[in-house]
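Colleague: Following this line is input-v8.txt, made up of compact mmCIF, C-alpha atoms:
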```txt
# COMPACT_ATOMS: atom_id res chain seq x y z
CA MET R 1 -159.39 16.44 -118.91
CA THR R 2 -156.22 18.50 -119.09
CA ASP R 3 -154.18 18.68 -115.87
CA HIS R 4 -154.33 22.30 -114.82
CA ILE R 5 -153.13 24.97 -112.43
CA ASP R 6 -155.54 27.55 -111.00
CA LYS R 7 -154.31 31.13 -111.39
CA SER R 8 -155.69 34.57 -110.61
CA THR R 9 -155.15 38.05 -112.01
CA ASN R 10 -154.04 41.09 -110.03
CA SER R 11 -157.74 41.92 -109.56
CA GLY R 12 -158.58 38.40 -108.33
CA THR R 13 -160.20 36.96 -111.44
CA GLU R 14 -159.60 33.22 -111.52
CA TYR R 15 -158.63 31.25 -114.61
CA ARG R 16 -156.89 27.98 -115.50
CA VAL R 17 -153.77 27.09 -117.42
CA ALA R 18 -152.43 23.75 -118.58
CA LYS R 19 -149.89 22.16 -116.28
CA ILE R 20 -146.65 21.13 -117.95
CA PRO R 21 -145.15 18.83 -118.99
CA GLN R 22 -148.12 17.17 -120.63
CA GLU R 23 -149.58 16.28 -123.99
CA VAL R 24 -152.80 18.10 -124.90
CA THR R 25 -155.03 17.38 -127.90
CA TYR R 26 -157.10 20.18 -129.43
CA LYS R 27 -159.95 19.85 -131.94
CA VAL R 28 -159.14 22.28 -134.76
CA SER R 29 -160.86 23.38 -137.95
CA THR R 30 -157.59 23.65 -139.85
CA VAL R 31 -153.81 23.72 -139.50
CA THR R 32 -151.57 25.27 -142.13
CA GLU R 33 -147.84 24.63 -142.24
CA SER R 34 -145.81 27.67 -143.20
CA GLY R 35 -142.39 26.01 -143.12
CA LYS R 36 -139.12 27.17 -141.64
CA GLN R 37 -139.63 30.90 -142.08
CA ASP R 38 -136.51 31.66 -140.06
CA ASP R 39 -134.58 28.73 -141.61
CA GLU R 40 -134.65 26.94 -138.26
CA ASN R 41 -138.03 26.54 -136.52
CA GLU R 42 -141.30 25.33 -138.05
CA TYR R 43 -144.28 27.68 -138.16
CA TYR R 44 -147.95 26.62 -138.20
CA THR R 45 -151.30 28.40 -138.02
CA ALA R 46 -154.33 26.66 -136.53
CA TYR R 47 -157.90 27.78 -136.01
CA MET R 48 -160.07 26.40 -133.22
CA ASP R 49 -163.30 27.20 -131.43
CA THR R 50 -162.76 29.37 -128.37
CA GLU R 51 -164.64 26.78 -126.35
CA VAL R 52 -161.95 24.21 -127.28
CA ALA R 53 -159.22 26.62 -126.13
CA LYS R 54 -161.19 27.23 -122.95
CA ALA R 55 -161.76 23.55 -122.14
CA SER R 56 -158.48 22.04 -123.32
CA LEU R 57 -156.29 24.79 -121.83
CA PHE R 58 -152.89 26.19 -122.78
CA PRO R 59 -149.82 26.78 -120.62
CA LEU R 60 -148.58 30.36 -120.20
CA ASN R 61 -145.02 29.47 -119.20
CA ALA R 62 -143.39 31.18 -122.20
CA ASN R 63 -145.16 34.51 -121.59
CA PRO R 64 -142.99 37.14 -119.85
CA ARG R 65 -145.99 38.83 -118.30
CA LYS R 66 -149.02 37.59 -116.44
CA PRO R 67 -152.42 38.49 -117.91
CA ASN R 68 -153.93 41.10 -115.67
CA SER R 69 -156.92 43.18 -114.83
CA ILE R 70 -160.50 42.50 -115.50
CA GLY R 71 -162.22 45.66 -114.54
CA GLY R 72 -165.61 46.89 -115.56
CA ASP R 73 -164.41 49.74 -117.72
CA GLU R 74 -164.45 48.63 -121.36
CA SER R 75 -162.72 51.86 -122.45
CA LYS R 76 -159.60 50.93 -120.45
CA ASP R 77 -159.51 47.14 -120.05
CA ILE R 78 -158.58 45.19 -123.19
CA VAL R 79 -159.79 41.90 -121.67
CA VAL R 80 -163.23 43.43 -121.09
CA LYS R 81 -163.25 44.63 -124.72
CA MET R 82 -162.42 41.12 -125.92
CA GLN R 83 -165.15 39.64 -123.73
CA ALA R 84 -167.62 42.14 -125.19
CA THR R 85 -166.67 41.03 -128.71
CA LEU R 86 -167.07 37.36 -127.72
CA ALA R 87 -170.54 38.15 -126.34
CA SER R 88 -171.88 40.53 -129.00
CA LYS R 89 -169.94 39.71 -132.18
CA PRO R 90 -168.47 36.22 -131.73
CA LYS R 91 -167.97 35.60 -135.46
CA SER R 92 -165.86 38.79 -135.64
CA PHE R 93 -163.51 37.71 -132.83
CA VAL R 94 -161.09 35.87 -135.12
CA ARG R 95 -160.89 38.92 -137.40
CA LEU R 96 -160.49 41.47 -134.60
CA ASN R 97 -158.01 39.59 -132.44
CA ASN R 98 -154.37 38.56 -132.94
CA GLY R 99 -155.01 35.21 -131.27
CA LEU R 100 -152.44 33.15 -129.42
CA THR R 101 -148.80 32.61 -130.32
CA CYS R 102 -147.31 29.48 -128.79
CA VAL R 103 -143.93 27.84 -128.72
CA CYS R 104 -143.51 24.09 -128.31
CA SER R 105 -140.98 21.33 -128.72
CA ASP R 106 -143.24 18.82 -130.41
CA MET R 107 -146.65 18.72 -132.10
CA GLU R 108 -148.59 16.59 -134.52
CA TYR R 109 -151.60 17.38 -136.70
CA ASP R 110 -154.00 14.63 -137.74
CA SER R 111 -156.02 15.98 -140.67
CA VAL R 112 -158.35 12.96 -140.68
CA SER R 113 -159.54 13.49 -137.09
CA GLY R 114 -159.00 17.26 -137.16
CA THR R 115 -156.86 17.17 -134.04
CA LEU R 116 -153.68 18.94 -133.09
CA THR R 117 -151.65 17.30 -130.33
CA ILE R 118 -149.01 19.40 -128.63
CA ASN R 119 -146.51 17.88 -126.25
CA TRP R 120 -145.91 20.80 -123.90
CA LYS R 121 -142.49 20.79 -122.20
CA LYS R 122 -140.87 23.04 -119.61
CA GLY R 123 -140.85 26.64 -120.86
CA ASP R 124 -143.38 25.94 -123.65
CA GLY R 125 -146.72 27.69 -123.99
CA VAL R 126 -148.37 30.93 -125.03
CA LEU R 127 -145.68 33.56 -125.52
CA ASN R 128 -148.04 36.24 -126.81
CA GLY R 129 -151.78 36.43 -126.39
CA GLY R 130 -152.10 36.00 -122.64
CA HIS R 131 -154.85 38.61 -122.47
CA THR R 132 -156.70 36.87 -125.31
CA TYR R 133 -156.36 33.61 -123.40
CA LEU R 134 -157.67 35.27 -120.23
CA ALA R 135 -160.66 36.73 -122.11
CA ILE R 136 -161.50 33.30 -123.55
CA GLN R 137 -161.10 31.61 -120.16
CA THR R 138 -163.33 34.08 -118.33
CA ALA R 139 -165.97 34.87 -120.97
CA ALA R 140 -169.37 33.26 -121.19
CA ALA R 141 -169.64 30.52 -123.81
CA ALA R 142 -169.22 31.95 -127.29
CA ASN R 143 -169.56 30.56 -130.79
CA ALA R 144 -166.24 32.07 -131.83
CA ARG R 145 -162.93 31.03 -133.35
CA VAL R 146 -159.38 31.93 -132.38
CA ARG R 147 -156.19 31.82 -134.44
CA VAL R 148 -153.28 29.96 -132.86
CA GLU R 149 -149.79 30.40 -134.27
CA ILE R 150 -147.46 27.58 -133.24
CA VAL R 151 -143.69 27.81 -133.42
CA LYS R 152 -142.26 24.30 -133.23
CA LEU R 153 -138.69 24.68 -132.08
CA HIS R 154 -135.83 22.98 -133.89
CA PRO R 155 -134.98 19.64 -132.19
CA LYS R 156 -131.56 20.98 -131.18
CA TYR R 157 -133.32 23.12 -128.56
CA SER R 158 -134.56 19.97 -126.80
CA LYS R 159 -131.02 18.89 -125.96
CA LYS R 160 -129.74 19.66 -122.47
CA ALA R 161 -126.60 21.25 -123.92
CA ASN R 162 -128.81 23.88 -125.62
CA ALA R 163 -131.09 24.62 -122.65
CA GLU R 164 -129.77 28.16 -122.21
CA ALA R 165 -130.00 28.91 -125.96
CA ARG R 166 -133.60 27.61 -125.94
CA LYS R 167 -134.50 29.82 -123.00
CA ASP R 168 -132.88 32.84 -124.70
CA LEU R 169 -134.70 32.17 -127.99
CA ILE R 170 -138.10 31.93 -126.29
CA LYS R 171 -137.36 35.05 -124.26
CA GLU R 172 -136.34 36.96 -127.40
CA MET R 173 -139.55 35.98 -129.24
CA ALA R 174 -141.76 36.68 -126.23
CA MET R 175 -140.23 40.07 -125.52
CA ALA R 176 -140.47 41.19 -129.15
CA ARG R 177 -144.02 39.98 -129.64
CA ASN R 178 -145.23 41.51 -126.37
CA ALA R 179 -143.82 44.95 -127.23
CA ASN R 180 -146.96 45.96 -129.16
CA ARG R 181 -149.48 48.36 -127.70
CA GLN R 182 -153.04 48.98 -128.75
CA LEU R 183 -153.42 51.76 -131.33
CA LYS R 184 -155.12 54.96 -130.29
CA ASP R 185 -158.36 55.80 -132.05
CA TYR R 186 -157.84 57.84 -135.19
```
For this file, write the structure as structure tokens.
Modeller:
Amino acid sequence: MTDHIDKSTNSGTEYRVAKIPQEVTYKVSTVTESGKQDDENEYYTAYMDTEVAKASLFPLNANPRKPNSIGGDESKDIVVKMQATLASKPKSFVRLNNGLTCVCSDMEYDSVSGTLTINWKKGDGVLNGGHTYLAIQTAAAANARVRVEIVKLHPKYSKKANAEARKDLIKEMAMARNANRQLKDY
């Protein structure tokens, strides 16, 4: 079992996150390597069952904002909308949701066993997708999949001398990727 921390939203909904530092292994259906798209860090895309994400847990340390609000009003609360999709159209969840974007220092994919092992360090975790993570954590069991983008940081960011640069890089990515807002109906 993954070591965890109990958290709660502003409305009191409880959920769990992975405690760091720790190594967590996830059962995945696939992992695709996309290379060094920014000429520095390695980019990967994995797909896993939402129940794996729920049970194995992710840290949220890289996310600049805390997932919030689970109200009853589906027209206003994005987490409630995601939970409704998980309940009524679980196979559509992966198509209708942006998934999780994570940053880590080290990871390894074993294609034979279909496992992805991430060694979560201080400051690592979900940097975008906290509301998706909250919906998965608090929804009833669903036969759904979620996309997980992983940014494996260049090894230079693991050196103490580059701690501030690492923190700034994660902050820059998290702030940019959390700037999106849901589109209005058209």
Colleague: So which residues touch stretch 51-58 of chain R within 6 Å, counting all atoms listed in the file, skipping near sequence neighbours fewer than 4 positions away, as a PyMOL selection string?
Modeller: chain R and resi 2+17-18+137
Colleague: Using atom CA of R:Val94 and atom CA of R:Asp77 as the two end points, give the distance in Å to one decimal.
Modeller: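 Calculated distance between atom CA of R:Val94 and atom CA of R:Asp77 is 18.9 Å.
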Colleague: Skip R:Thr45 itself and residues of its chain fewer than 2 positions away, then list as a list in words all residues within 10 Å of it, counting all atoms listed in the file.
Modeller: Thr30, Val31, Thr32, Glu33, Ser34, Tyr43, Tyr47, Leu100, Thr101, Arg147, Val148, Glu149, Ile150 and Val151 of chain R
Colleague: Show me, as a Markdown table, the residues of stretch 48-133 of chain R having an atom within 10 Å of stretch 170-181 of chain R, each with the closest atom pair and its distance in Å, using only C-alpha atoms.
Modeller:
```
| residue | atom | partner | partner_atom | distance |
| --- | --- | --- | --- | --- |
| R:Ala62 | CA | R:Ile170 | CA | 6.7 |
| R:Asn63 | CA | R:Ala174 | CA | 6.1 |
| R:Pro64 | CA | R:Ala174 | CA | 6.5 |
| R:Arg65 | CA | R:Asn178 | CA | 8.5 |
| R:Thr101 | CA | R:Arg177 | CA | 8.8 |
| R:Cys102 | CA | R:Ala174 | CA | 9.4 |
| R:Val103 | CA | R:Ile170 | CA | 7.5 |
| R:Cys104 | CA | R:Ile170 | CA | 9.7 |
| R:Gly123 | CA | R:Ile170 | CA | 8.1 |
| R:Asp124 | CA | R:Ile170 | CA | 8.4 |
| R:Gly125 | CA | R:Ile170 | CA | 9.9 |
| R:Val126 | CA | R:Ala174 | CA | 8.8 |
| R:Leu127 | CA | R:Ala174 | CA | 5.1 |
| R:Asn128 | CA | R:Asn178 | CA | 6.0 |
| R:Gly129 | CA | R:Asn178 | CA | 8.3 |
| R:Gly130 | CA | R:Asn178 | CA | 9.6 |
```
Colleague: Could the residues in this selection be saved with C-alpha atoms as a PDB file, in the frame of the given file?
Modeller:
```pdb
ATOM      1  CA  ALA R  62    -143.390  31.180-122.200  1.00  0.00           C
ATOM      2  CA  ASN R  63    -145.160  34.510-121.590  1.00  0.00           C
ATOM      3  CA  PRO R  64    -142.990  37.140-119.850  1.00  0.00           C
ATOM      4  CA  ARG R  65    -145.990  38.830-118.300  1.00  0.00           C
ATOM      5  CA  THR R 101    -148.800  32.610-130.320  1.00  0.00           C
ATOM      6  CA  CYS R 102    -147.310  29.480-128.790  1.00  0.00           C
ATOM      7  CA  VAL R 103    -143.930  27.840-128.720  1.00  0.00           C
ATOM      8  CA  CYS R 104    -143.510  24.090-128.310  1.00  0.00           C
ATOM      9  CA  GLY R 123    -140.850  26.640-120.860  1.00  0.00           C
ATOM     10  CA  ASP R 124    -143.380  25.940-123.650  1.00  0.00           C
ATOM     11  CA  GLY R 125    -146.720  27.690-123.990  1.00  0.00           C
ATOM     12  CA  VAL R 126    -148.370  30.930-125.030  1.00  0.00           C
ATOM     13  CA  LEU R 127    -145.680  33.560-125.520  1.00  0.00           C
ATOM     14  CA  ASN R 128    -148.040  36.240-126.810  1.00  0.00           C
ATOM     15  CA  GLY R 129    -151.780  36.430-126.390  1.00  0.00           C
ATOM     16  CA  GLY R 130    -152.100  36.000-122.640  1.00  0.00           C
TER      17      GLY R 130
END
```
Colleague: Could you state the separation of atom CA of R:Glu164 and atom CA of R:Asn61 in Å, given to one decimal place?
Modeller: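 Going from atom CA of R:Glu164 over to atom CA of R:Asn61, I get 15.6 Å.
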Colleague: Please indicate the distance in Å from atom CA of R:Thr50 to atom CA of R:His131, rounded to one decimal place.
Modeller: 13.5 Å
